[in-house]
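S.K.: You'll find target.cif just under this line, and it carries mmCIF, N, CA and C atoms.
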data_entry
loop_
_atom_site.label_atom_id
_atom_site.label_comp_id
_atom_site.auth_asym_id
_atom_site.auth_seq_id
_atom_site.Cartn_x
_atom_site.Cartn_y
_atom_site.Cartn_z
N MET A 1 -19.97 -4.01 4.87
CA MET A 1 -19.44 -5.27 5.31
C MET A 1 -18.73 -5.13 6.66
N ILE A 2 -17.95 -4.05 6.82
CA ILE A 2 -17.21 -3.85 8.06
C ILE A 2 -18.18 -3.80 9.24
N PHE A 3 -19.26 -3.04 9.12
CA PHE A 3 -20.17 -2.87 10.23
C PHE A 3 -20.99 -4.12 10.50
N SER A 4 -21.20 -4.96 9.49
CA SER A 4 -21.93 -6.20 9.73
C SER A 4 -21.02 -7.28 10.31
N THR A 5 -19.72 -7.17 10.11
CA THR A 5 -18.77 -8.17 10.60
C THR A 5 -18.30 -7.87 12.01
N PHE A 6 -18.09 -6.62 12.33
CA PHE A 6 -17.57 -6.22 13.62
C PHE A 6 -18.63 -5.45 14.38
N GLN A 7 -18.67 -5.63 15.69
CA GLN A 7 -19.63 -4.89 16.51
C GLN A 7 -19.44 -3.39 16.37
N ARG A 8 -18.22 -2.94 16.53
CA ARG A 8 -17.95 -1.51 16.40
C ARG A 8 -16.50 -1.31 15.97
N ALA A 9 -16.30 -1.31 14.70
CA ALA A 9 -14.96 -1.06 14.16
C ALA A 9 -14.78 0.44 13.99
N MET A 10 -13.56 0.92 14.25
CA MET A 10 -13.23 2.32 13.98
C MET A 10 -12.83 2.38 12.51
N LEU A 11 -13.49 3.21 11.74
CA LEU A 11 -13.26 3.27 10.30
C LEU A 11 -12.66 4.62 9.93
N SER A 12 -11.48 4.57 9.30
CA SER A 12 -10.87 5.79 8.78
C SER A 12 -10.82 5.71 7.26
N VAL A 13 -10.98 6.87 6.63
CA VAL A 13 -10.99 6.96 5.18
C VAL A 13 -10.08 8.11 4.77
N GLU A 14 -9.20 7.85 3.82
CA GLU A 14 -8.39 8.91 3.24
C GLU A 14 -8.86 9.12 1.81
N ILE A 15 -9.22 10.36 1.50
CA ILE A 15 -9.72 10.69 0.17
C ILE A 15 -8.69 11.59 -0.50
N GLU A 16 -8.00 11.03 -1.51
CA GLU A 16 -6.96 11.79 -2.18
C GLU A 16 -7.08 11.78 -3.70
N LYS A 17 -8.05 11.07 -4.22
CA LYS A 17 -8.27 11.03 -5.67
C LYS A 17 -9.44 11.94 -6.04
N VAL A 18 -9.22 12.78 -7.02
CA VAL A 18 -10.21 13.76 -7.47
C VAL A 18 -11.20 13.10 -8.42
N ASN A 19 -12.45 13.51 -8.31
CA ASN A 19 -13.52 13.12 -9.23
C ASN A 19 -13.79 11.63 -9.26
N LYS A 20 -13.64 10.96 -8.13
CA LYS A 20 -13.94 9.53 -8.05
C LYS A 20 -15.20 9.27 -7.23
N GLY A 21 -15.74 10.30 -6.59
CA GLY A 21 -16.94 10.14 -5.78
C GLY A 21 -16.69 9.55 -4.40
N TYR A 22 -15.44 9.47 -4.00
CA TYR A 22 -15.11 8.89 -2.69
C TYR A 22 -15.62 9.75 -1.53
N GLU A 23 -15.98 10.99 -1.81
CA GLU A 23 -16.53 11.85 -0.77
C GLU A 23 -17.78 11.24 -0.13
N ASN A 24 -18.44 10.34 -0.86
CA ASN A 24 -19.63 9.67 -0.31
C ASN A 24 -19.29 8.80 0.89
N LEU A 25 -18.02 8.47 1.08
CA LEU A 25 -17.61 7.64 2.21
C LEU A 25 -17.53 8.42 3.52
N ILE A 26 -17.56 9.74 3.45
CA ILE A 26 -17.44 10.57 4.65
C ILE A 26 -18.50 10.21 5.68
N GLU A 27 -19.72 9.98 5.24
CA GLU A 27 -20.83 9.70 6.15
C GLU A 27 -20.62 8.45 7.00
N ASP A 28 -19.81 7.50 6.53
CA ASP A 28 -19.62 6.24 7.23
C ASP A 28 -18.35 6.19 8.08
N ALA A 29 -17.49 7.18 7.93
CA ALA A 29 -16.18 7.12 8.59
C ALA A 29 -16.19 7.76 9.96
N ASP A 30 -15.33 7.23 10.83
CA ASP A 30 -15.09 7.86 12.13
C ASP A 30 -14.05 8.96 11.99
N VAL A 31 -13.09 8.75 11.09
CA VAL A 31 -12.06 9.73 10.79
C VAL A 31 -11.93 9.81 9.27
N THR A 32 -12.05 11.01 8.73
CA THR A 32 -11.89 11.22 7.29
C THR A 32 -10.75 12.20 7.08
N ILE A 33 -9.80 11.83 6.21
CA ILE A 33 -8.70 12.72 5.86
C ILE A 33 -8.82 13.03 4.37
N ILE A 34 -8.89 14.32 4.07
CA ILE A 34 -9.10 14.76 2.69
C ILE A 34 -7.90 15.56 2.22
N ALA A 35 -7.36 15.17 1.08
CA ALA A 35 -6.18 15.82 0.51
C ALA A 35 -6.54 17.16 -0.14
N LYS A 36 -5.55 18.00 -0.24
CA LYS A 36 -5.69 19.35 -0.81
C LYS A 36 -6.33 19.32 -2.19
N ASP A 37 -5.90 18.41 -3.07
CA ASP A 37 -6.43 18.36 -4.43
C ASP A 37 -7.94 18.09 -4.43
N VAL A 38 -8.40 17.24 -3.53
CA VAL A 38 -9.83 16.93 -3.44
C VAL A 38 -10.59 18.15 -2.93
N SER A 39 -10.04 18.82 -1.93
CA SER A 39 -10.68 20.04 -1.42
C SER A 39 -10.78 21.09 -2.51
N LYS A 40 -9.70 21.29 -3.25
CA LYS A 40 -9.70 22.27 -4.34
C LYS A 40 -10.70 21.89 -5.43
N ALA A 41 -10.79 20.61 -5.75
CA ALA A 41 -11.74 20.15 -6.77
C ALA A 41 -13.18 20.37 -6.33
N ASN A 42 -13.40 20.45 -5.01
CA ASN A 42 -14.74 20.71 -4.47
C ASN A 42 -14.97 22.19 -4.19
N GLY A 43 -14.05 23.05 -4.64
CA GLY A 43 -14.25 24.49 -4.57
C GLY A 43 -13.52 25.24 -3.47
N ALA A 44 -12.74 24.55 -2.65
CA ALA A 44 -12.04 25.23 -1.56
C ALA A 44 -10.81 25.97 -2.06
N LYS A 45 -10.59 27.14 -1.50
CA LYS A 45 -9.40 27.93 -1.83
C LYS A 45 -8.39 27.95 -0.69
N ASN A 46 -8.80 27.40 0.47
CA ASN A 46 -7.91 27.35 1.63
C ASN A 46 -8.46 26.33 2.63
N LEU A 47 -7.74 26.16 3.74
CA LEU A 47 -8.15 25.17 4.74
C LEU A 47 -9.51 25.47 5.37
N LYS A 48 -9.76 26.72 5.69
CA LYS A 48 -11.03 27.11 6.31
C LYS A 48 -12.20 26.74 5.40
N GLU A 49 -12.06 27.04 4.12
CA GLU A 49 -13.12 26.69 3.17
C GLU A 49 -13.25 25.18 3.02
N ALA A 50 -12.13 24.48 3.06
CA ALA A 50 -12.15 23.02 2.90
C ALA A 50 -12.98 22.36 4.00
N ILE A 51 -12.71 22.71 5.26
CA ILE A 51 -13.49 22.06 6.32
C ILE A 51 -14.95 22.51 6.28
N GLY A 52 -15.19 23.73 5.82
CA GLY A 52 -16.56 24.20 5.68
C GLY A 52 -17.35 23.41 4.64
N ILE A 53 -16.68 23.01 3.58
CA ILE A 53 -17.33 22.25 2.51
C ILE A 53 -17.73 20.85 2.97
N PHE A 54 -16.88 20.21 3.74
CA PHE A 54 -17.10 18.80 4.08
C PHE A 54 -17.75 18.55 5.44
N LYS A 55 -17.77 19.53 6.33
CA LYS A 55 -18.24 19.25 7.70
C LYS A 55 -19.72 18.87 7.76
N SER A 56 -20.51 19.33 6.83
CA SER A 56 -21.94 19.00 6.86
C SER A 56 -22.19 17.52 6.53
N ARG A 57 -21.19 16.85 5.99
CA ARG A 57 -21.34 15.44 5.62
C ARG A 57 -20.93 14.49 6.75
N LEU A 58 -20.34 15.05 7.82
CA LEU A 58 -19.89 14.21 8.93
C LEU A 58 -21.08 13.69 9.72
N ARG A 59 -20.95 12.46 10.18
CA ARG A 59 -21.96 11.98 11.11
C ARG A 59 -21.54 12.39 12.51
N GLN A 60 -22.45 12.31 13.42
CA GLN A 60 -22.19 12.76 14.79
C GLN A 60 -21.00 12.02 15.39
N LYS A 61 -20.14 12.76 16.08
CA LYS A 61 -18.97 12.25 16.80
C LYS A 61 -17.84 11.79 15.90
N SER A 62 -17.92 12.07 14.60
CA SER A 62 -16.81 11.69 13.72
C SER A 62 -15.86 12.89 13.56
N ARG A 63 -14.71 12.63 12.98
CA ARG A 63 -13.67 13.65 12.83
C ARG A 63 -13.32 13.83 11.36
N LEU A 64 -12.93 15.05 11.03
CA LEU A 64 -12.54 15.41 9.67
C LEU A 64 -11.19 16.09 9.72
N ILE A 65 -10.33 15.76 8.79
CA ILE A 65 -9.05 16.44 8.63
C ILE A 65 -8.88 16.77 7.15
N CYS A 66 -8.56 18.02 6.87
CA CYS A 66 -8.20 18.45 5.52
C CYS A 66 -6.75 18.88 5.55
N THR A 67 -5.96 18.35 4.63
CA THR A 67 -4.55 18.70 4.57
C THR A 67 -4.31 19.69 3.45
N TRP A 68 -3.26 20.50 3.61
CA TRP A 68 -2.97 21.53 2.62
C TRP A 68 -1.46 21.72 2.49
N GLY A 69 -0.70 20.63 2.48
CA GLY A 69 0.74 20.69 2.28
C GLY A 69 1.45 21.63 3.22
N ASP A 70 2.16 22.59 2.66
CA ASP A 70 2.96 23.50 3.48
C ASP A 70 2.13 24.50 4.28
N GLN A 71 0.81 24.45 4.14
CA GLN A 71 -0.07 25.29 4.95
C GLN A 71 -0.57 24.56 6.19
N GLY A 72 -0.27 23.27 6.30
CA GLY A 72 -0.68 22.50 7.47
C GLY A 72 -1.97 21.74 7.25
N ALA A 73 -2.76 21.67 8.31
CA ALA A 73 -4.00 20.89 8.26
C ALA A 73 -5.06 21.56 9.13
N ALA A 74 -6.31 21.29 8.79
CA ALA A 74 -7.43 21.77 9.58
C ALA A 74 -8.34 20.59 9.85
N GLY A 75 -9.06 20.66 10.95
CA GLY A 75 -9.93 19.55 11.28
C GLY A 75 -11.17 19.97 12.03
N ILE A 76 -12.06 19.03 12.13
CA ILE A 76 -13.25 19.15 12.97
C ILE A 76 -13.17 17.97 13.94
N ASP A 77 -13.14 18.26 15.23
CA ASP A 77 -13.06 17.21 16.24
C ASP A 77 -14.45 16.60 16.46
N HIS A 78 -14.50 15.51 17.22
CA HIS A 78 -15.76 14.79 17.45
C HIS A 78 -16.81 15.65 18.14
N ASP A 79 -16.39 16.77 18.74
CA ASP A 79 -17.35 17.67 19.38
C ASP A 79 -17.71 18.88 18.51
N GLY A 80 -17.24 18.87 17.24
CA GLY A 80 -17.55 19.95 16.30
C GLY A 80 -16.59 21.11 16.32
N GLN A 81 -15.58 21.05 17.17
CA GLN A 81 -14.61 22.15 17.28
C GLN A 81 -13.67 22.17 16.06
N GLU A 82 -13.48 23.37 15.50
CA GLU A 82 -12.53 23.53 14.39
C GLU A 82 -11.12 23.65 14.94
N ILE A 83 -10.19 22.97 14.28
CA ILE A 83 -8.80 22.93 14.72
C ILE A 83 -7.91 23.26 13.52
N PHE A 84 -6.91 24.09 13.76
CA PHE A 84 -5.94 24.43 12.72
C PHE A 84 -4.54 24.16 13.25
N VAL A 85 -3.73 23.48 12.45
CA VAL A 85 -2.35 23.17 12.83
C VAL A 85 -1.45 23.61 11.68
N ASN A 86 -0.45 24.41 12.00
CA ASN A 86 0.50 24.87 10.99
C ASN A 86 1.45 23.74 10.60
N ALA A 87 1.89 23.80 9.36
CA ALA A 87 2.94 22.88 8.92
C ALA A 87 4.24 23.27 9.60
N GLU A 88 5.10 22.31 9.80
CA GLU A 88 6.42 22.57 10.37
C GLU A 88 7.29 23.26 9.31
N LYS A 89 8.09 24.19 9.74
CA LYS A 89 9.04 24.82 8.83
C LYS A 89 10.16 23.82 8.53
N VAL A 90 10.55 23.74 7.28
CA VAL A 90 11.61 22.81 6.90
C VAL A 90 12.72 23.56 6.19
N GLY A 91 13.90 22.98 6.25
CA GLY A 91 15.04 23.54 5.54
C GLY A 91 14.93 23.17 4.07
N LYS A 92 15.68 22.19 3.69
CA LYS A 92 15.71 21.74 2.30
C LYS A 92 14.73 20.58 2.09
N VAL A 93 13.87 20.71 1.09
CA VAL A 93 12.96 19.63 0.73
C VAL A 93 13.74 18.65 -0.15
N VAL A 94 13.77 17.39 0.29
CA VAL A 94 14.54 16.36 -0.41
C VAL A 94 13.63 15.39 -1.17
N ASP A 95 12.55 14.94 -0.52
CA ASP A 95 11.71 13.89 -1.10
C ASP A 95 10.31 13.98 -0.51
N THR A 96 9.34 14.43 -1.31
CA THR A 96 7.98 14.57 -0.81
C THR A 96 7.15 13.30 -0.96
N CYS A 97 7.66 12.32 -1.69
CA CYS A 97 6.91 11.08 -1.93
C CYS A 97 6.64 10.37 -0.60
N GLY A 98 5.39 10.17 -0.29
CA GLY A 98 5.01 9.49 0.94
C GLY A 98 4.76 10.39 2.13
N ALA A 99 4.91 11.69 1.95
CA ALA A 99 4.70 12.60 3.08
C ALA A 99 3.24 12.58 3.55
N GLY A 100 2.32 12.54 2.63
CA GLY A 100 0.90 12.47 3.01
C GLY A 100 0.57 11.18 3.72
N ASP A 101 1.13 10.08 3.25
CA ASP A 101 0.91 8.80 3.91
C ASP A 101 1.54 8.79 5.30
N THR A 102 2.68 9.44 5.43
CA THR A 102 3.33 9.55 6.74
C THR A 102 2.44 10.33 7.70
N PHE A 103 1.88 11.45 7.22
CA PHE A 103 0.96 12.24 8.04
C PHE A 103 -0.23 11.40 8.47
N THR A 104 -0.87 10.74 7.51
CA THR A 104 -2.08 9.96 7.78
C THR A 104 -1.81 8.84 8.79
N ALA A 105 -0.75 8.08 8.56
CA ALA A 105 -0.43 6.97 9.46
C ALA A 105 -0.14 7.48 10.87
N SER A 106 0.58 8.58 10.94
CA SER A 106 0.93 9.16 12.23
C SER A 106 -0.33 9.63 12.97
N VAL A 107 -1.19 10.34 12.29
CA VAL A 107 -2.41 10.85 12.92
C VAL A 107 -3.26 9.69 13.46
N ILE A 108 -3.46 8.67 12.65
CA ILE A 108 -4.27 7.53 13.08
C ILE A 108 -3.63 6.83 14.27
N ALA A 109 -2.31 6.64 14.22
CA ALA A 109 -1.62 5.98 15.33
C ALA A 109 -1.76 6.78 16.62
N TYR A 110 -1.60 8.10 16.54
CA TYR A 110 -1.73 8.93 17.74
C TYR A 110 -3.17 8.97 18.25
N LEU A 111 -4.14 8.99 17.36
CA LEU A 111 -5.53 8.93 17.80
C LEU A 111 -5.80 7.61 18.54
N MET A 112 -5.24 6.53 18.01
CA MET A 112 -5.42 5.23 18.66
C MET A 112 -4.74 5.18 20.03
N LYS A 113 -3.70 5.99 20.22
CA LYS A 113 -3.03 6.07 21.52
C LYS A 113 -3.81 6.95 22.51
N GLY A 114 -4.86 7.61 22.02
CA GLY A 114 -5.70 8.41 22.90
C GLY A 114 -5.42 9.89 22.89
N LEU A 115 -4.54 10.36 22.01
CA LEU A 115 -4.27 11.79 21.94
C LEU A 115 -5.43 12.51 21.28
N SER A 116 -5.54 13.79 21.54
CA SER A 116 -6.59 14.60 20.92
C SER A 116 -6.33 14.74 19.43
N LEU A 117 -7.34 15.20 18.72
CA LEU A 117 -7.16 15.42 17.28
C LEU A 117 -6.08 16.47 17.03
N LYS A 118 -6.09 17.55 17.79
CA LYS A 118 -5.08 18.60 17.60
C LYS A 118 -3.67 18.07 17.85
N GLU A 119 -3.49 17.32 18.94
CA GLU A 119 -2.17 16.74 19.22
C GLU A 119 -1.75 15.77 18.13
N SER A 120 -2.68 14.95 17.68
CA SER A 120 -2.39 13.97 16.63
C SER A 120 -2.01 14.65 15.32
N MET A 121 -2.74 15.71 14.96
CA MET A 121 -2.42 16.45 13.74
C MET A 121 -1.06 17.14 13.86
N SER A 122 -0.75 17.67 15.03
CA SER A 122 0.56 18.32 15.24
C SER A 122 1.69 17.33 15.07
N HIS A 123 1.55 16.16 15.69
CA HIS A 123 2.57 15.12 15.53
C HIS A 123 2.67 14.67 14.06
N GLY A 124 1.53 14.58 13.39
CA GLY A 124 1.53 14.19 11.97
C GLY A 124 2.28 15.20 11.12
N CYS A 125 2.07 16.49 11.38
CA CYS A 125 2.79 17.54 10.65
C CYS A 125 4.29 17.47 10.92
N GLN A 126 4.66 17.20 12.17
CA GLN A 126 6.07 17.10 12.52
C GLN A 126 6.75 15.93 11.80
N LEU A 127 6.09 14.78 11.79
CA LEU A 127 6.68 13.60 11.16
C LEU A 127 6.72 13.76 9.63
N ALA A 128 5.69 14.36 9.05
CA ALA A 128 5.69 14.61 7.60
C ALA A 128 6.80 15.58 7.22
N ALA A 129 7.05 16.59 8.06
CA ALA A 129 8.15 17.53 7.80
C ALA A 129 9.49 16.83 7.85
N LYS A 130 9.65 15.94 8.81
CA LYS A 130 10.89 15.17 8.89
C LYS A 130 11.05 14.30 7.65
N LYS A 131 9.95 13.70 7.19
CA LYS A 131 9.98 12.81 6.02
C LYS A 131 10.45 13.57 4.78
N ILE A 132 9.93 14.76 4.54
CA ILE A 132 10.27 15.44 3.28
C ILE A 132 11.70 15.98 3.27
N GLN A 133 12.35 15.98 4.42
CA GLN A 133 13.74 16.43 4.48
C GLN A 133 14.74 15.28 4.30
N GLN A 134 14.22 14.10 4.00
CA GLN A 134 15.10 12.94 3.78
C GLN A 134 14.55 12.09 2.66
N ARG A 135 15.39 11.28 2.09
CA ARG A 135 14.95 10.32 1.08
C ARG A 135 14.50 9.06 1.79
N GLY A 136 13.30 8.60 1.46
CA GLY A 136 12.79 7.37 2.05
C GLY A 136 12.22 7.56 3.44
N PHE A 137 12.06 6.43 4.12
CA PHE A 137 11.35 6.42 5.41
C PHE A 137 12.21 5.96 6.60
N ARG A 138 13.44 5.68 6.36
CA ARG A 138 14.31 5.17 7.42
C ARG A 138 14.40 6.19 8.57
N ASP A 139 14.35 5.67 9.77
CA ASP A 139 14.49 6.46 10.99
C ASP A 139 13.34 7.43 11.27
N LEU A 140 12.21 7.26 10.61
CA LEU A 140 11.04 8.06 10.98
C LEU A 140 10.41 7.37 12.19
N VAL A 141 10.44 8.04 13.31
CA VAL A 141 9.98 7.45 14.55
C VAL A 141 8.95 8.37 15.21
N MET A 142 7.88 7.76 15.68
CA MET A 142 6.88 8.52 16.44
C MET A 142 7.44 8.82 17.82
N THR A 143 7.13 10.00 18.32
CA THR A 143 7.54 10.35 19.69
C THR A 143 6.37 10.19 20.63
N SER A 144 6.62 10.18 21.91
CA SER A 144 5.60 10.03 22.96
C SER A 144 4.91 8.70 22.84
#
Spit out the file's structure as structure tokens when you get a sec.
M.R.:
Amino acid sequence: MIFSTFQRAMLSVEIEKVNKGYENLIEDADVTIIAKDVSKANGAKNLKEAIGIFKSRLRQKSRLICTWGDQGAAGIDHDGQEIFVNAEKVGKVVDTCGAGDTFTASVIAYLMKGLSLKESMSHGCQLAAKKIQQRGFRDLVMTS
């Protein structure tokens, strides 16, 4: 429906539910973000394996991001380049609820601003780290 309604909509998909078959959406997305649990359910033991499992499903010029909590994130850029970004070191973990959504929203916002996938993922990791060190979302602000 999206492609028949809009000439060229940018479509992002976040896959975080296991065993629902949402992986079939990868082929249609411009940006796909896959959660650690989904990667593990598909046989991945780490970030490198995760992007290896899903990259064959990408269509040309699309991007893939696999997240792995405190291990950071890995991605495939629109040119096929593999990217790895470490998670930010944090002091005390206060509230992890919404950290993944914070990462996802941040990455998409930075991509829309024209930053590279690596820069967007780095900013996403930074904002997610800030989020888990506080309760709630107050004062979470994008930089740049």
S.K.: Select, from A:Leu58, A:Val38, A:Val107, A:Ala87, the residue with the minimum atom-to-atom distance to Gln71 (chain A), counting only C-alpha atoms.
M.R.: A:Ala87
S.K.: Please write as a list in words the full residue list that the PyMOL selection byres ((chain A and resi 132-139) around 6.5) yields on this file.
M.R.: Lys92, Val93, Val94, Asp95, Thr96, Cys97, Ala99, Leu127, Ala128, Ala129, Lys130, Lys131, Leu140 and Val141 of chain A
S.K.: Here's the selection I'm unsure about, the PyMOL selection byres ((chain A and resi 39) around 8); applied to the file above, which residues does it give, as a list of chain:residue names?
M.R.: A:Ile15, A:Glu16, A:Val18, A:Ile34, A:Ala35, A:Lys36, A:Asp37, A:Val38, A:Lys40, A:Ala41, A:Asn42, A:Gly43, A:Ala44, A:Lys45, A:Asn46, A:Glu49, A:Ala50, A:Ile51, A:Cys66, A:Thr67
S.K.: Go through chain A and collect every residue that DSSP, computed from the backbone, puts in strand (DSSP E); the answer should be as a list in words.
M.R.: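 DSSP on the backbone gives strand (DSSP E) at Ser12, Val13, Glu14, Ile15, Val31, Thr32, Ile33, Ile34, Arg63, Leu64, Ile65, Cys66, Thr67, Ala73, Ala74, Gly75, Ile76, Glu82, Ile83, Phe84 and Val85 of chain A.
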S.K.: Name every residue that the PyMOL selection byres (((chain A and resi 21-27 and name CA) around 9) and name CA) selects in this structure, writing the answer as an mmCIF file with N, CA and C atoms, in the coordinates of the input with chains first and numbers rising.
M.R.:
data_model
loop_
_atom_site.group_PDB
_atom_site.id
_atom_site.type_symbol
_atom_site.label_atom_id
_atom_site.label_comp_id
_atom_site.auth_asym_id
_atom_site.auth_seq_id
_atom_site.Cartn_x
_atom_site.Cartn_y
_atom_site.Cartn_z
ATOM 1 N N VAL A 13 -10.980 6.870 6.630
ATOM 2 C CA VAL A 13 -10.990 6.960 5.180
ATOM 3 C C VAL A 13 -10.080 8.110 4.770
ATOM 4 N N GLU A 14 -9.200 7.850 3.820
ATOM 5 C CA GLU A 14 -8.390 8.910 3.240
ATOM 6 C C GLU A 14 -8.860 9.120 1.810
ATOM 7 N N ILE A 15 -9.220 10.360 1.500
ATOM 8 C CA ILE A 15 -9.720 10.690 0.170
ATOM 9 C C ILE A 15 -8.690 11.590 -0.500
ATOM 10 N N GLU A 16 -8.000 11.030 -1.510
ATOM 11 C CA GLU A 16 -6.960 11.790 -2.180
ATOM 12 C C GLU A 16 -7.080 11.780 -3.700
ATOM 13 N N LYS A 17 -8.050 11.070 -4.220
ATOM 14 C CA LYS A 17 -8.270 11.030 -5.670
ATOM 15 C C LYS A 17 -9.440 11.940 -6.040
ATOM 16 N N VAL A 18 -9.220 12.780 -7.020
ATOM 17 C CA VAL A 18 -10.210 13.760 -7.470
ATOM 18 C C VAL A 18 -11.200 13.100 -8.420
ATOM 19 N N ASN A 19 -12.450 13.510 -8.310
ATOM 20 C CA ASN A 19 -13.520 13.120 -9.230
ATOM 21 C C ASN A 19 -13.790 11.630 -9.260
ATOM 22 N N LYS A 20 -13.640 10.960 -8.130
ATOM 23 C CA LYS A 20 -13.940 9.530 -8.050
ATOM 24 C C LYS A 20 -15.200 9.270 -7.230
ATOM 25 N N ASP A 28 -19.810 7.500 6.530
ATOM 26 C CA ASP A 28 -19.620 6.240 7.230
ATOM 27 C C ASP A 28 -18.350 6.190 8.080
ATOM 28 N N ALA A 29 -17.490 7.180 7.930
ATOM 29 C CA ALA A 29 -16.180 7.120 8.590
ATOM 30 C C ALA A 29 -16.190 7.760 9.960
ATOM 31 N N ASP A 30 -15.330 7.230 10.830
ATOM 32 C CA ASP A 30 -15.090 7.860 12.130
ATOM 33 C C ASP A 30 -14.050 8.960 11.990
ATOM 34 N N VAL A 31 -13.090 8.750 11.090
ATOM 35 C CA VAL A 31 -12.060 9.730 10.790
ATOM 36 C C VAL A 31 -11.930 9.810 9.270
ATOM 37 N N THR A 32 -12.050 11.010 8.730
ATOM 38 C CA THR A 32 -11.890 11.220 7.290
ATOM 39 C C THR A 32 -10.750 12.200 7.080
ATOM 40 N N ILE A 34 -8.890 14.320 4.070
ATOM 41 C CA ILE A 34 -9.100 14.760 2.690
ATOM 42 C C ILE A 34 -7.900 15.560 2.220
ATOM 43 N N VAL A 38 -8.400 17.240 -3.530
ATOM 44 C CA VAL A 38 -9.830 16.930 -3.440
ATOM 45 C C VAL A 38 -10.590 18.150 -2.930
ATOM 46 N N PHE A 54 -16.880 20.210 3.740
ATOM 47 C CA PHE A 54 -17.100 18.800 4.080
ATOM 48 C C PHE A 54 -17.750 18.550 5.440
ATOM 49 N N ARG A 57 -21.190 16.850 5.990
ATOM 50 C CA ARG A 57 -21.340 15.440 5.620
ATOM 51 C C ARG A 57 -20.930 14.490 6.750
ATOM 52 N N LEU A 58 -20.340 15.050 7.820
ATOM 53 C CA LEU A 58 -19.890 14.210 8.930
ATOM 54 C C LEU A 58 -21.080 13.690 9.720
ATOM 55 N N ARG A 59 -20.950 12.460 10.180
ATOM 56 C CA ARG A 59 -21.960 11.980 11.110
ATOM 57 C C ARG A 59 -21.540 12.390 12.510
ATOM 58 N N SER A 62 -17.920 12.070 14.600
ATOM 59 C CA SER A 62 -16.810 11.690 13.720
ATOM 60 C C SER A 62 -15.860 12.890 13.560
ATOM 61 N N LEU A 64 -12.930 15.050 11.030
ATOM 62 C CA LEU A 64 -12.540 15.410 9.670
ATOM 63 C C LEU A 64 -11.190 16.090 9.720
#
S.K.: What does the structure give for the distance between CA of Val85 (chain A) and atom C of Ala73 (chain A), in Å to one decimal?
M.R.: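 About the pair CA of Val85 (chain A) and atom C of Ala73 (chain A): they are 4.9 Å apart.
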S.K.: Any idea what's packed within 10 Å of Met121 (chain A), counting only C-alpha atoms, ignoring anything in its chain fewer than 4 positions away? Could you give it as a ChimeraX atom specification?
M.R.: /A:65,67,72-75,83-87,103-104,106-108,110-111,115-117,125-127
S.K.: How would the residues just picked look written out with N, CA and C atoms as a compact mmCIF listing (two decimals), keeping the file's coordinate frame?
M.R.:
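Generated output (part-v5.txt):
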# COMPACT_ATOMS: atom_id res chain seq x y z
N ILE A 65 -10.33 15.76 8.79
CA ILE A 65 -9.05 16.44 8.63
C ILE A 65 -8.88 16.77 7.15
N THR A 67 -5.96 18.35 4.63
CA THR A 67 -4.55 18.70 4.57
C THR A 67 -4.31 19.69 3.45
N GLY A 72 -0.27 23.27 6.30
CA GLY A 72 -0.68 22.50 7.47
C GLY A 72 -1.97 21.74 7.25
N ALA A 73 -2.76 21.67 8.31
CA ALA A 73 -4.00 20.89 8.26
C ALA A 73 -5.06 21.56 9.13
N ALA A 74 -6.31 21.29 8.79
CA ALA A 74 -7.43 21.77 9.58
C ALA A 74 -8.34 20.59 9.85
N GLY A 75 -9.06 20.66 10.95
CA GLY A 75 -9.93 19.55 11.28
C GLY A 75 -11.17 19.97 12.03
N ILE A 83 -10.19 22.97 14.28
CA ILE A 83 -8.80 22.93 14.72
C ILE A 83 -7.91 23.26 13.52
N PHE A 84 -6.91 24.09 13.76
CA PHE A 84 -5.94 24.43 12.72
C PHE A 84 -4.54 24.16 13.25
N VAL A 85 -3.73 23.48 12.45
CA VAL A 85 -2.35 23.17 12.83
C VAL A 85 -1.45 23.61 11.68
N ASN A 86 -0.45 24.41 12.00
CA ASN A 86 0.50 24.87 10.99
C ASN A 86 1.45 23.74 10.60
N ALA A 87 1.89 23.80 9.36
CA ALA A 87 2.94 22.88 8.92
C ALA A 87 4.24 23.27 9.60
N PHE A 103 1.88 11.45 7.22
CA PHE A 103 0.96 12.24 8.04
C PHE A 103 -0.23 11.40 8.47
N THR A 104 -0.87 10.74 7.51
CA THR A 104 -2.08 9.96 7.78
C THR A 104 -1.81 8.84 8.79
N SER A 106 0.58 8.58 10.94
CA SER A 106 0.93 9.16 12.23
C SER A 106 -0.33 9.63 12.97
N VAL A 107 -1.19 10.34 12.29
CA VAL A 107 -2.41 10.85 12.92
C VAL A 107 -3.26 9.69 13.46
N ILE A 108 -3.46 8.67 12.65
CA ILE A 108 -4.27 7.53 13.08
C ILE A 108 -3.63 6.83 14.27
N TYR A 110 -1.60 8.10 16.54
CA TYR A 110 -1.73 8.93 17.74
C TYR A 110 -3.17 8.97 18.25
N LEU A 111 -4.14 8.99 17.36
CA LEU A 111 -5.53 8.93 17.80
C LEU A 111 -5.80 7.61 18.54
N LEU A 115 -4.54 10.36 22.01
CA LEU A 115 -4.27 11.79 21.94
C LEU A 115 -5.43 12.51 21.28
N SER A 116 -5.54 13.79 21.54
CA SER A 116 -6.59 14.60 20.92
C SER A 116 -6.33 14.74 19.43
N LEU A 117 -7.34 15.20 18.72
CA LEU A 117 -7.16 15.42 17.28
C LEU A 117 -6.08 16.47 17.03
N CYS A 125 2.07 16.49 11.38
CA CYS A 125 2.79 17.54 10.65
C CYS A 125 4.29 17.47 10.92
N GLN A 126 4.66 17.20 12.17
CA GLN A 126 6.07 17.10 12.52
C GLN A 126 6.75 15.93 11.80
N LEU A 127 6.09 14.78 11.79
CA LEU A 127 6.68 13.60 11.16
C LEU A 127 6.72 13.76 9.63
